[in-house]
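> Following this line is target.txt, made up of compact mmCIF, C-alpha atoms:
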# COMPACT_ATOMS: atom_id res chain seq x y z
CA MET M 971 94.92 293.97 135.04
CA HIS M 972 95.78 292.10 138.21
CA ILE M 973 98.62 290.34 140.06
CA ASP M 974 98.87 286.96 138.44
CA LYS M 975 101.94 285.28 139.97
CA ILE M 976 104.26 285.63 142.98
CA GLU M 977 107.67 283.95 143.23
CA THR M 978 110.17 283.83 146.09
CA PHE M 979 113.91 283.32 145.75
CA VAL M 980 116.10 282.54 148.74
CA LEU M 981 119.58 283.59 147.65
CA GLU M 982 122.84 282.63 149.32
CA GLU M 983 126.50 283.35 148.72
CA LYS M 984 129.28 282.12 151.00
CA LEU M 985 131.77 284.71 152.19
CA SER M 986 135.46 284.30 151.45
CA LYS M 987 136.11 285.24 155.09
CA ARG M 988 133.72 285.44 158.02
CA PHE M 989 133.20 288.73 159.80
CA TYR M 990 131.68 289.72 163.12
CA PHE M 991 129.76 292.54 164.72
CA SER M 992 128.80 292.95 168.37
CA GLN M 993 126.16 290.19 168.26
CA TRP M 994 127.29 287.30 166.03
CA ALA M 995 129.32 286.23 163.00
CA TYR M 996 128.43 286.16 159.31
CA GLU M 997 129.76 283.33 157.15
CA SER M 998 127.40 283.91 154.22
CA ARG M 999 124.93 286.45 152.90
CA LYS M 1000 121.39 285.12 152.56
CA ILE M 1001 118.54 287.27 151.24
CA CYS M 1002 114.95 286.65 150.17
CA VAL M 1003 113.71 288.50 147.08
CA VAL M 1004 110.23 288.35 145.60
CA LYS M 1005 109.07 288.63 141.99
CA ILE M 1006 105.51 289.72 141.23
CA THR M 1007 104.10 289.35 137.71
CA SER M 1008 100.97 291.09 136.45
CA SER M 1009 98.40 289.56 134.12
CA SER M 1010 99.77 291.82 131.37
CA GLY M 1011 103.32 290.54 131.86
CA GLU M 1012 105.04 293.37 133.76
CA ILE M 1013 107.36 292.38 136.62
CA GLY M 1014 108.10 293.96 139.98
CA TRP M 1015 110.89 293.02 142.39
CA GLY M 1016 111.07 293.36 146.17
CA GLU M 1017 113.26 292.30 149.09
CA GLY M 1018 112.70 291.46 152.76
CA TYR M 1019 115.23 292.14 155.50
CA GLY M 1020 115.55 289.26 157.95
CA PRO M 1021 116.05 285.48 158.00
CA ALA M 1022 115.54 284.66 154.34
CA GLU M 1023 113.69 281.35 154.67
CA ILE M 1024 111.24 282.82 157.20
CA VAL M 1025 110.64 285.88 155.02
CA ALA M 1026 109.88 283.52 152.12
CA SER M 1027 107.43 281.56 154.28
CA GLY M 1028 105.68 284.79 155.21
CA ILE M 1029 105.34 285.75 151.56
CA LYS M 1030 103.81 282.34 150.88
CA TYR M 1031 101.30 282.95 153.68
CA LEU M 1032 100.38 286.40 152.29
CA THR M 1033 100.17 285.31 148.64
CA PRO M 1034 96.42 284.41 148.59
CA ILE M 1035 95.67 287.88 149.96
CA VAL M 1036 97.71 289.60 147.24
CA LEU M 1037 96.89 287.59 144.11
CA ASN M 1038 94.24 288.99 141.77
CA ASN M 1039 94.52 292.53 143.18
CA SER M 1040 95.34 295.47 140.92
CA PRO M 1041 99.02 296.46 141.30
CA LEU M 1042 97.93 300.09 140.91
CA GLU M 1043 96.11 299.89 144.25
CA ASN M 1044 99.20 299.44 146.40
CA GLU M 1045 97.71 300.93 149.58
CA LEU M 1046 94.70 298.62 149.33
CA ILE M 1047 97.03 295.62 149.01
CA TRP M 1048 99.07 296.86 151.98
CA SER M 1049 95.95 297.25 154.12
CA LYS M 1050 94.82 293.71 153.33
CA MET M 1051 98.23 292.31 154.31
CA TYR M 1052 98.29 294.40 157.49
CA ARG M 1053 94.85 293.21 158.54
CA ALA M 1054 95.85 289.59 157.94
CA SER M 1055 98.94 289.95 160.15
CA LEU M 1056 97.81 292.38 162.87
CA ASP M 1057 96.77 289.79 165.46
CA PHE M 1058 100.17 288.13 165.62
CA ALA M 1059 102.77 290.12 163.67
CA ARG M 1060 102.69 293.78 164.60
CA ARG M 1061 106.45 293.49 164.84
CA GLY M 1062 108.96 291.03 163.51
CA VAL M 1063 109.87 289.03 160.50
CA LEU M 1064 106.41 288.67 158.94
CA MET M 1065 106.45 292.45 158.54
CA ALA M 1066 109.55 291.94 156.37
CA SER M 1067 107.42 289.71 154.14
CA VAL M 1068 104.81 292.47 153.92
CA SER M 1069 107.63 294.89 153.09
CA ALA M 1070 109.03 292.72 150.30
CA ILE M 1071 105.64 292.39 148.61
CA ASP M 1072 104.89 296.10 149.04
CA ILE M 1073 108.21 297.09 147.45
CA ALA M 1074 107.61 294.74 144.51
CA VAL M 1075 104.14 296.21 144.00
CA TRP M 1076 105.62 299.74 143.91
CA ASP M 1077 108.22 298.59 141.35
CA LEU M 1078 105.48 296.94 139.29
CA LYS M 1079 103.23 300.00 139.51
CA GLY M 1080 106.04 302.27 138.35
CA LYS M 1081 106.77 300.07 135.35
CA ILE M 1082 103.10 299.89 134.39
CA LEU M 1083 102.76 303.69 134.56
CA GLY M 1084 106.21 304.35 133.05
CA CYS M 1085 107.20 306.37 136.10
CA PRO M 1086 110.06 306.20 138.65
CA VAL M 1087 109.02 305.21 142.17
CA SER M 1088 110.44 308.49 143.52
CA VAL M 1089 107.93 310.38 141.37
CA LEU M 1090 105.08 308.10 142.43
CA LEU M 1091 105.98 308.81 146.06
CA GLY M 1092 105.21 312.46 145.39
CA GLY M 1093 108.19 313.94 143.61
CA VAL M 1094 111.96 314.12 143.44
CA GLN M 1095 113.17 316.58 146.07
CA ARG M 1096 116.81 315.92 145.17
CA LYS M 1097 118.56 314.25 142.24
CA LYS M 1098 121.68 313.16 144.10
CA ILE M 1099 122.29 311.65 147.52
CA ARG M 1100 125.48 311.36 149.52
CA PRO M 1101 126.31 307.76 150.49
CA TYR M 1102 128.13 306.82 153.65
CA ALA M 1103 130.26 303.70 153.77
CA THR M 1104 129.17 301.08 156.29
CA GLY M 1105 132.06 298.82 157.18
CA PHE M 1106 134.74 298.22 159.79
CA TYR M 1107 133.32 294.87 160.85
CA PHE M 1108 135.55 292.64 162.97
CA SER M 1109 137.46 289.96 161.09
CA ASN M 1110 139.52 288.48 163.92
CA LEU M 1111 138.25 288.43 167.50
CA GLU M 1112 141.75 288.09 168.92
CA SER M 1113 142.71 291.30 167.15
CA PRO M 1114 139.31 292.59 166.02
CA PHE M 1115 140.40 295.82 164.40
CA ASP M 1116 142.98 294.35 162.04
CA GLY M 1117 142.83 296.04 158.67
CA PHE M 1118 140.77 299.03 159.78
CA GLU M 1119 143.40 301.58 158.74
CA GLU M 1120 143.61 300.14 155.23
CA GLU M 1121 139.82 300.00 155.06
CA ALA M 1122 139.50 303.68 155.99
CA LYS M 1123 142.01 304.67 153.35
CA LYS M 1124 140.14 302.58 150.76
CA TYR M 1125 136.89 304.43 151.48
CA ILE M 1126 138.63 307.78 151.16
CA ALA M 1127 140.10 306.69 147.82
CA LYS M 1128 136.61 305.72 146.61
CA GLY M 1129 135.37 309.22 147.37
CA PHE M 1130 133.29 308.63 150.49
CA LYS M 1131 132.83 311.71 152.65
CA ALA M 1132 131.15 309.80 155.49
CA MET M 1133 131.78 306.43 157.16
CA LYS M 1134 130.15 304.31 159.84
CA MET M 1135 132.15 301.90 161.95
CA LYS M 1136 131.23 299.07 164.27
CA VAL M 1137 131.77 299.26 168.02
CA GLY M 1138 130.41 297.22 170.91
CA LEU M 1139 133.34 295.14 172.12
CA GLY M 1140 134.07 297.25 175.20
CA VAL M 1141 134.30 300.93 176.04
CA ASP M 1142 138.09 301.11 176.23
CA ILE M 1143 138.84 299.22 173.03
CA ASP M 1144 136.07 301.05 171.16
CA TYR M 1145 137.47 304.43 172.18
CA LYS M 1146 140.96 303.44 171.17
CA ILE M 1147 140.06 302.38 167.64
CA VAL M 1148 137.56 305.20 166.98
CA SER M 1149 140.25 307.67 168.01
CA ARG M 1150 142.67 306.05 165.59
CA ILE M 1151 140.20 306.09 162.70
CA ARG M 1152 139.47 309.76 163.34
CA GLU M 1153 143.21 310.46 163.10
CA ILE M 1154 143.38 308.63 159.77
CA VAL M 1155 140.34 310.17 158.08
CA GLY M 1156 140.89 313.67 159.47
CA PRO M 1157 138.31 316.22 160.61
CA ASP M 1158 136.45 316.65 157.31
CA ILE M 1159 135.06 313.11 157.01
CA GLN M 1160 131.79 312.40 158.81
CA LEU M 1161 132.26 309.51 161.22
CA MET M 1162 129.49 307.51 162.89
CA VAL M 1163 129.57 304.57 165.31
CA ASP M 1164 127.15 301.65 165.66
CA SER M 1165 127.12 299.26 168.62
CA ASN M 1166 124.11 297.19 167.45
CA HIS M 1167 122.53 297.54 170.91
CA ALA M 1168 125.50 295.97 172.70
CA TYR M 1169 125.60 298.27 175.75
CA ASN M 1170 123.72 298.93 178.94
CA TYR M 1171 123.01 302.54 179.87
CA ARG M 1172 126.15 303.13 181.95
CA GLU M 1173 128.44 301.71 179.28
CA ALA M 1174 126.76 303.64 176.47
CA LEU M 1175 126.99 306.88 178.44
CA ALA M 1176 130.66 306.29 179.28
CA LEU M 1177 131.53 305.64 175.63
CA ALA M 1178 129.49 308.61 174.40
CA HIS M 1179 131.28 310.97 176.79
CA ARG M 1180 134.67 309.74 175.67
CA LEU M 1181 133.76 310.04 171.98
CA GLU M 1182 132.31 313.54 172.16
CA PRO M 1183 135.60 315.34 171.32
CA LEU M 1184 135.96 313.19 168.17
CA GLN M 1185 133.11 314.83 166.23
CA ILE M 1186 130.95 311.73 165.95
CA SER M 1187 127.88 312.45 163.83
CA TRP M 1188 125.70 309.85 165.53
CA PHE M 1189 125.81 306.91 167.94
CA GLU M 1190 123.65 304.18 166.41
CA GLU M 1191 121.76 301.67 168.52
CA PRO M 1192 123.75 302.31 171.71
CA LEU M 1193 121.06 300.50 173.74
CA SER M 1194 118.54 297.71 173.32
CA PRO M 1195 115.58 298.85 171.20
CA GLU M 1196 113.33 297.89 174.11
CA PHE M 1197 114.62 300.69 176.35
CA TYR M 1198 112.87 303.83 175.10
CA GLY M 1199 113.26 305.66 178.41
CA GLN M 1200 116.96 304.94 178.71
CA SER M 1201 117.50 306.21 175.16
CA TYR M 1202 115.81 309.46 176.15
CA ASP M 1203 118.04 309.74 179.21
CA LEU M 1204 121.13 309.08 177.11
CA ARG M 1205 120.12 311.81 174.65
CA GLN M 1206 119.98 314.29 177.52
CA GLN M 1207 123.46 313.37 178.73
CA THR M 1208 125.49 313.51 175.50
CA THR M 1209 126.07 315.96 172.68
CA ILE M 1210 126.28 313.08 170.17
CA SER M 1211 123.06 312.48 168.22
CA ILE M 1212 121.35 309.17 169.00
CA ALA M 1213 120.09 307.10 166.06
CA SER M 1214 117.93 303.98 166.08
CA GLY M 1215 115.03 302.24 164.40
CA GLU M 1216 116.24 299.31 162.31
CA CYS M 1217 114.58 297.00 164.86
CA GLU M 1218 111.33 299.00 164.90
CA TYR M 1219 108.21 298.27 162.86
CA LEU M 1220 105.26 300.17 161.46
CA ARG M 1221 104.31 303.78 162.16
CA PHE M 1222 102.96 302.62 165.52
CA GLY M 1223 106.33 301.38 166.70
CA PHE M 1224 108.03 304.54 165.47
CA ASN M 1225 105.36 306.62 167.17
CA GLN M 1226 106.42 305.03 170.46
CA LEU M 1227 110.07 305.77 169.68
CA LEU M 1228 109.25 309.40 168.87
CA GLN M 1229 106.79 310.05 171.68
CA ASN M 1230 109.44 308.91 174.16
CA LYS M 1231 111.91 311.34 172.53
CA SER M 1232 114.34 308.44 172.28
CA VAL M 1233 116.23 309.48 169.14
CA ASP M 1234 117.57 312.37 167.11
CA ILE M 1235 117.54 310.25 163.92
CA VAL M 1236 115.08 307.47 163.03
CA GLN M 1237 116.35 304.62 160.87
CA PRO M 1238 113.54 302.46 159.50
CA ASP M 1239 114.61 299.59 157.29
CA ILE M 1240 112.24 299.87 154.34
CA CYS M 1241 112.59 296.13 153.68
CA ALA M 1242 111.36 295.34 157.20
CA CYS M 1243 109.31 298.19 158.70
CA GLY M 1244 106.33 297.80 156.35
CA GLY M 1245 107.74 298.66 152.93
CA LEU M 1246 107.64 301.93 151.04
CA THR M 1247 103.96 302.46 151.82
CA GLU M 1248 104.61 302.48 155.56
CA ALA M 1249 108.02 304.16 155.35
CA LYS M 1250 106.31 307.14 153.72
CA ARG M 1251 103.99 307.36 156.74
CA ILE M 1252 106.89 307.00 159.16
CA ALA M 1253 108.68 309.86 157.42
CA SER M 1254 105.63 312.08 157.82
CA LEU M 1255 105.45 311.12 161.48
CA ALA M 1256 109.12 311.94 162.00
CA THR M 1257 108.69 315.41 160.52
CA THR M 1258 105.94 316.20 163.03
CA HIS M 1259 108.51 315.60 165.77
CA GLY M 1260 111.30 317.48 164.02
CA VAL M 1261 113.39 314.29 163.82
CA SER M 1262 115.64 313.40 160.88
CA ILE M 1263 115.17 310.15 158.95
CA ILE M 1264 118.01 308.13 157.42
CA PRO M 1265 116.88 304.60 156.54
CA HIS M 1266 118.87 301.54 157.48
CA THR M 1267 119.94 299.72 154.29
CA TRP M 1268 121.78 296.39 154.37
CA GLY M 1269 120.88 293.89 151.68
CA SER M 1270 120.93 293.50 147.92
CA GLY M 1271 120.91 296.11 145.19
CA ILE M 1272 117.11 296.07 145.41
CA ALA M 1273 117.25 297.48 148.94
CA LEU M 1274 119.74 300.13 147.84
CA HIS M 1275 117.53 301.24 144.94
CA VAL M 1276 114.49 301.34 147.23
CA ALA M 1277 116.29 303.57 149.72
CA THR M 1278 117.49 305.86 146.93
CA HIS M 1279 113.95 306.52 145.69
CA PHE M 1280 112.65 306.99 149.23
CA ILE M 1281 115.36 309.46 150.21
CA ALA M 1282 114.95 311.36 146.95
CA ASN M 1283 111.36 312.11 147.99
CA LEU M 1284 112.03 313.14 151.62
CA GLU M 1285 111.02 316.67 152.46
CA CYS M 1286 113.66 318.97 153.92
CA ILE M 1287 112.26 320.32 157.19
CA PRO M 1288 112.93 323.04 158.05
CA GLY M 1289 113.19 324.36 154.52
CA ARG M 1290 116.16 326.49 153.59
CA LEU M 1291 117.69 328.24 150.61
CA ILE M 1292 120.62 325.81 150.41
CA ALA M 1293 119.42 322.34 151.33
CA PRO M 1294 121.77 319.98 153.21
CA ASP M 1295 122.94 316.71 151.74
CA PHE M 1296 120.74 313.73 152.51
CA LEU M 1297 122.57 310.51 153.39
CA ILE M 1298 122.10 306.93 152.25
CA GLU M 1299 123.72 303.89 153.84
CA TYR M 1300 126.00 302.02 151.43
CA ASP M 1301 127.21 298.71 152.84
CA GLN M 1302 130.81 297.96 151.83
CA THR M 1303 131.16 294.46 153.27
CA GLU M 1304 131.62 291.46 151.00
CA ASN M 1305 128.28 290.82 149.32
CA ALA M 1306 128.15 289.18 145.91
CA ILE M 1307 124.35 289.32 145.94
CA ARG M 1308 124.46 293.10 146.22
CA ASP M 1309 127.17 293.41 143.59
CA GLN M 1310 125.85 290.99 140.97
CA LEU M 1311 122.06 290.70 141.26
CA THR M 1312 121.06 294.10 139.90
CA SER M 1313 122.55 296.82 137.76
CA GLU M 1314 124.88 298.88 139.91
CA ILE M 1315 124.20 302.23 141.48
CA GLU M 1316 127.32 304.20 140.65
CA MET M 1317 128.93 306.72 142.97
CA LYS M 1318 130.50 309.75 141.27
CA ASN M 1319 132.30 312.56 143.07
CA GLY M 1320 130.97 311.34 146.40
CA TYR M 1321 127.30 311.20 145.33
CA ILE M 1322 124.75 308.73 143.95
CA ASN M 1323 122.38 309.91 141.23
CA VAL M 1324 118.72 309.03 141.75
CA PRO M 1325 117.53 306.53 139.09
CA ASN M 1326 115.03 308.00 136.66
CA ARG M 1327 113.87 304.86 134.87
CA PRO M 1328 110.38 303.42 135.51
CA GLY M 1329 109.82 301.56 138.77
CA LEU M 1330 112.90 301.13 140.94
CA GLY M 1331 115.05 301.61 137.87
CA PHE M 1332 117.35 298.57 137.85
CA GLU M 1333 117.93 295.63 135.56
CA MET M 1334 117.82 292.16 137.10
CA ASN M 1335 120.75 289.88 136.28
CA THR M 1336 118.83 286.65 135.70
CA THR M 1337 122.04 284.65 135.33
CA ALA M 1338 123.23 285.73 138.77
CA LEU M 1339 119.74 285.15 140.17
CA LYS M 1340 119.75 281.55 138.95
CA LYS M 1341 123.29 280.92 140.19
CA MET M 1342 122.61 282.25 143.69
CA THR M 1343 119.15 280.76 144.23
CA LEU M 1344 119.01 278.22 147.03
CA VAL M 1345 115.21 277.80 147.03
CA HIS M 1346 112.67 279.01 144.45
CA GLU M 1347 108.91 278.80 144.89
CA GLN M 1348 106.10 279.98 142.60
CA PHE M 1349 102.47 280.74 143.51
CA THR M 1350 99.54 281.49 141.21
Using the file provided, produce a representation of the structure as structure tokens.


Amino acid sequence: MHIDKIETFVLEEKLSKRFYFSQWAYESRKICVVKITSSSGEIGWGEGYGPAEIVASGIKYLTPIVLNNSPLENELIWSKMYRASLDFARRGVLMASVSAIDIAVWDLKGKILGCPVSVLLGGVQRKKIRPYATGFYFSNLESPFDGFEEEAKKYIAKGFKAMKMKVGLGVDIDYKIVSRIREIVGPDIQLMVDSNHAYNYREALALAHRLEPLQISWFEEPLSPEFYGQSYDLRQQTTISIASGECEYLRFGFNQLLQNKSVDIVQPDICACGGLTEAKRIASLATTHGVSIIPHTWGSGIALHVATHFIANLECIPGRLIAPDFLIEYDQTENAIRDQLTSEIEMKNGYINVPNRPGLGFEMNTTALKKMTLVHEQFT
């Protein structure tokens, strides 16, 4: 049995209303997914995080390396892709292409063996995971926080016990709106902030100091991912945990992040950092530094299922009689691709149950796939 065919699908759905974060605006959601078919007919699906057309081009480049390999030998396939990209793609979007293929191979392997990916990763440490709502993007730059109160109340009504909001428009305005959201959600809801590396060191420190009384669980990407030393300095000057890693790649990049003691929480995006094969290694690396890992997840239902299996397998260090909840990011922005492409992961009583079907455990909606496909390519 071998990998017989690889297909890429660039999917796009226009948004009913544009939204902003600290760097730019979104007017549509565009995602590249990959389909890998074995010679015996089984199918695996993967996703790459990044500019969809470029991710698709990277998959096309990697296809000759992947075809005709056994899908059961996922680490061998990963090593071949890594070797073919090392000289010019140790970081960046081609690693998202590697990630997409790697995820699809894991899904395919699980289906062939009749086993959930979480089990293949080494075992299910937990059967339910607590999602946090990612939202509070800016819809109107003249009054960027319009609708935030209603949004917070909506998340509470859905049963979310944790929320992450966007900041990065200025220290004063950020403090004002975070304070207001804390008033609305009360003291028992976990609240996190994410500036998407909008601030210099002085601004990030000023905002962190002002937010400290508001029980902020973490400050995500306060600084540019290039500034490892400044992130360490910021950690020493605030009681708020510092989180980062969605712009980092491979265990080697995360080793630099960890050796510099830049973060309290690492956030690899499994669809970009090197896939499940490399995310597993990054998790092991994080545990040697005593650093928590909560992956960044912002794509289709494929990405959400991938993160669920990965988090289900994470080891709790230090161990304890009553284990803490592990968190998963659950994007709540408008995203028809996420909502329609795959069978839904359902939240009940504030938790998501880990899928127990073979592979990643979802059904692909082929009608939605066809409707949303902008470009489809097939390689054999």

> Kindly indicate which residue among M:Gly1244, M:Gly1093, M:Pro1238, M:Gly1329 lies nearest to Ala1059 in chain M, using all atoms listed in the file for the distances.

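When distances to Ala1059 in chain M are compared using all atoms listed in the file, the smallest one comes from M:Gly1244.
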
> Using only C-alpha atoms, which of M:Leu1344, M:Leu1090, M:Val1075, M:Leu1284 sits nearest Val980 in chain M?

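So, comparing all the options, the nearest one is M:Leu1344.
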
> Restricting the calculation to only C-alpha atoms, which member of M:Glu1190, M:His1179, M:Tyr1169, M:Gly1320 is positioned closest to Ile1126 in chain M?

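Once distances to Ile1126 in chain M are computed over only C-alpha atoms, the minimum belongs to M:Gly1320.
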
> Go through M:Leu1139, M:Ile1013, M:Leu1255, M:Leu981 one by one, measure the shortest atom-to-atom distance of each to Gln1229 in chain M using only C-alpha atoms, and give the residue with the smallest value.

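Answer, going by the shortest atom-to-atom distance: M:Leu1255.
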
> My list of candidates is M:Asp1142, M:Glu1333, M:Glu1216, M:Asp1116. Which is closest to Phe989 in chain M when distances are computed with only C-alpha atoms?

M:Asp1116

> Work out how far apart CA of Leu1330 in chain M and CA of Arg1061 in chain M are and give it in Å to one decimal.

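Going from CA of Leu1330 in chain M over to CA of Arg1061 in chain M, I get 25.9 Å.
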
> Counting all atoms listed in the file, which residues sit no farther than 10 Å from the position (122.4, 296.2, 154.4) in the file's frame? I'd like them as a list in words.

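These residues have at least one counted atom within 10 Å: Tyr1019, Thr1104, Asp1239, Cys1241, His1266, Thr1267, Trp1268, Gly1269, Ser1270, Gly1271, Ala1273, Leu1274, Glu1299, Tyr1300, Asp1301, Gln1302, Thr1303, Asn1305 and Arg1308 of chain M.
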
> What's around range 1005-1012 of chain M at 9 Å? Count all atoms listed in the file, leave out sequence neighbours fewer than 4 positions away in its own chain, and write the answer as a VMD selection string.

chain M and resid 971 to 979 1016 1038 1040 to 1041 1071 1074 to 1075 1078 to 1079 1081 to 1082

> Do you know which residues are at most 10 Å from Ala1306 in chain M counting only C-alpha atoms, after dropping those on the same chain fewer than 5 positions away, and could you put them as a tab-separated table (two decimals) with C-alpha atoms, keeping the file's coordinate frame?


chain	number	residue	atom	x	y	z
M	982	GLU	CA	122.84	282.63	149.32
M	983	GLU	CA	126.50	283.35	148.72
M	984	LYS	CA	129.28	282.12	151.00
M	985	LEU	CA	131.77	284.71	152.19
M	998	SER	CA	127.40	283.91	154.22
M	999	ARG	CA	124.93	286.45	152.90
M	1270	SER	CA	120.93	293.50	147.92
M	1311	LEU	CA	122.06	290.70	141.26
M	1338	ALA	CA	123.23	285.73	138.77
M	1342	MET	CA	122.61	282.25	143.69

> Since the input is missing atoms, can you rebuild N, CA and C atoms for range 1204-1222 of chain M and write them as an mmCIF file, in the coordinates of the input?


data_model
loop_
_atom_site.group_PDB
_atom_site.id
_atom_site.type_symbol
_atom_site.label_atom_id
_atom_site.label_comp_id
_atom_site.auth_asym_id
_atom_site.auth_seq_id
_atom_site.Cartn_x
_atom_site.Cartn_y
_atom_site.Cartn_z
ATOM 1 N N LEU M 1204 119.827 308.984 177.746
ATOM 2 C CA LEU M 1204 121.130 309.080 177.110
ATOM 3 C C LEU M 1204 121.213 310.323 176.226
ATOM 4 N N ARG M 1205 120.155 310.599 175.497
ATOM 5 C CA ARG M 1205 120.120 311.810 174.650
ATOM 6 C C ARG M 1205 120.370 313.071 175.473
ATOM 7 N N GLN M 1206 119.842 313.093 176.690
ATOM 8 C CA GLN M 1206 119.980 314.290 177.520
ATOM 9 C C GLN M 1206 121.389 314.449 178.085
ATOM 10 N N GLN M 1207 122.163 313.370 178.065
ATOM 11 C CA GLN M 1207 123.460 313.370 178.730
ATOM 12 C C GLN M 1207 124.650 313.430 177.780
ATOM 13 N N THR M 1208 124.383 313.466 176.462
ATOM 14 C CA THR M 1208 125.490 313.510 175.500
ATOM 15 C C THR M 1208 125.184 314.502 174.385
ATOM 16 N N THR M 1209 126.230 315.054 173.832
ATOM 17 C CA THR M 1209 126.070 315.960 172.680
ATOM 18 C C THR M 1209 126.028 315.203 171.357
ATOM 19 N N ILE M 1210 126.323 313.893 171.380
ATOM 20 C CA ILE M 1210 126.280 313.080 170.170
ATOM 21 C C ILE M 1210 124.827 312.715 169.867
ATOM 22 N N SER M 1211 124.416 312.864 168.613
ATOM 23 C CA SER M 1211 123.060 312.480 168.220
ATOM 24 C C SER M 1211 122.874 310.976 168.381
ATOM 25 N N ILE M 1212 121.684 310.582 168.827
ATOM 26 C CA ILE M 1212 121.350 309.170 169.000
ATOM 27 C C ILE M 1212 120.447 308.743 167.840
ATOM 28 N N ALA M 1213 120.823 307.630 167.206
ATOM 29 C CA ALA M 1213 120.090 307.100 166.060
ATOM 30 C C ALA M 1213 119.633 305.679 166.356
ATOM 31 N N SER M 1214 118.438 305.336 165.890
ATOM 32 C CA SER M 1214 117.930 303.980 166.080
ATOM 33 C C SER M 1214 116.681 303.788 165.239
ATOM 34 N N GLY M 1215 116.270 302.529 165.092
ATOM 35 C CA GLY M 1215 115.030 302.240 164.400
ATOM 36 C C GLY M 1215 115.049 301.042 163.476
ATOM 37 N N GLU M 1216 116.215 300.453 163.224
ATOM 38 C CA GLU M 1216 116.240 299.310 162.310
ATOM 39 C C GLU M 1216 115.505 298.107 162.891
ATOM 40 N N CYS M 1217 115.322 298.083 164.213
ATOM 41 C CA CYS M 1217 114.580 297.000 164.860
ATOM 42 C C CYS M 1217 113.154 297.412 165.211
ATOM 43 N N GLU M 1218 112.684 298.511 164.633
ATOM 44 C CA GLU M 1218 111.330 299.000 164.900
ATOM 45 C C GLU M 1218 110.458 298.717 163.686
ATOM 46 N N TYR M 1219 109.136 298.666 163.907
ATOM 47 C CA TYR M 1219 108.210 298.270 162.860
ATOM 48 C C TYR M 1219 106.966 299.142 162.852
ATOM 49 N N LEU M 1220 106.501 299.447 161.664
ATOM 50 C CA LEU M 1220 105.260 300.170 161.460
ATOM 51 C C LEU M 1220 105.297 301.578 162.059
ATOM 52 N N ARG M 1221 104.380 302.411 161.615
ATOM 53 C CA ARG M 1221 104.310 303.780 162.160
ATOM 54 C C ARG M 1221 103.992 303.753 163.652
ATOM 55 N N PHE M 1222 103.338 302.697 164.114
ATOM 56 C CA PHE M 1222 102.960 302.620 165.520
ATOM 57 C C PHE M 1222 104.169 302.398 166.410
#
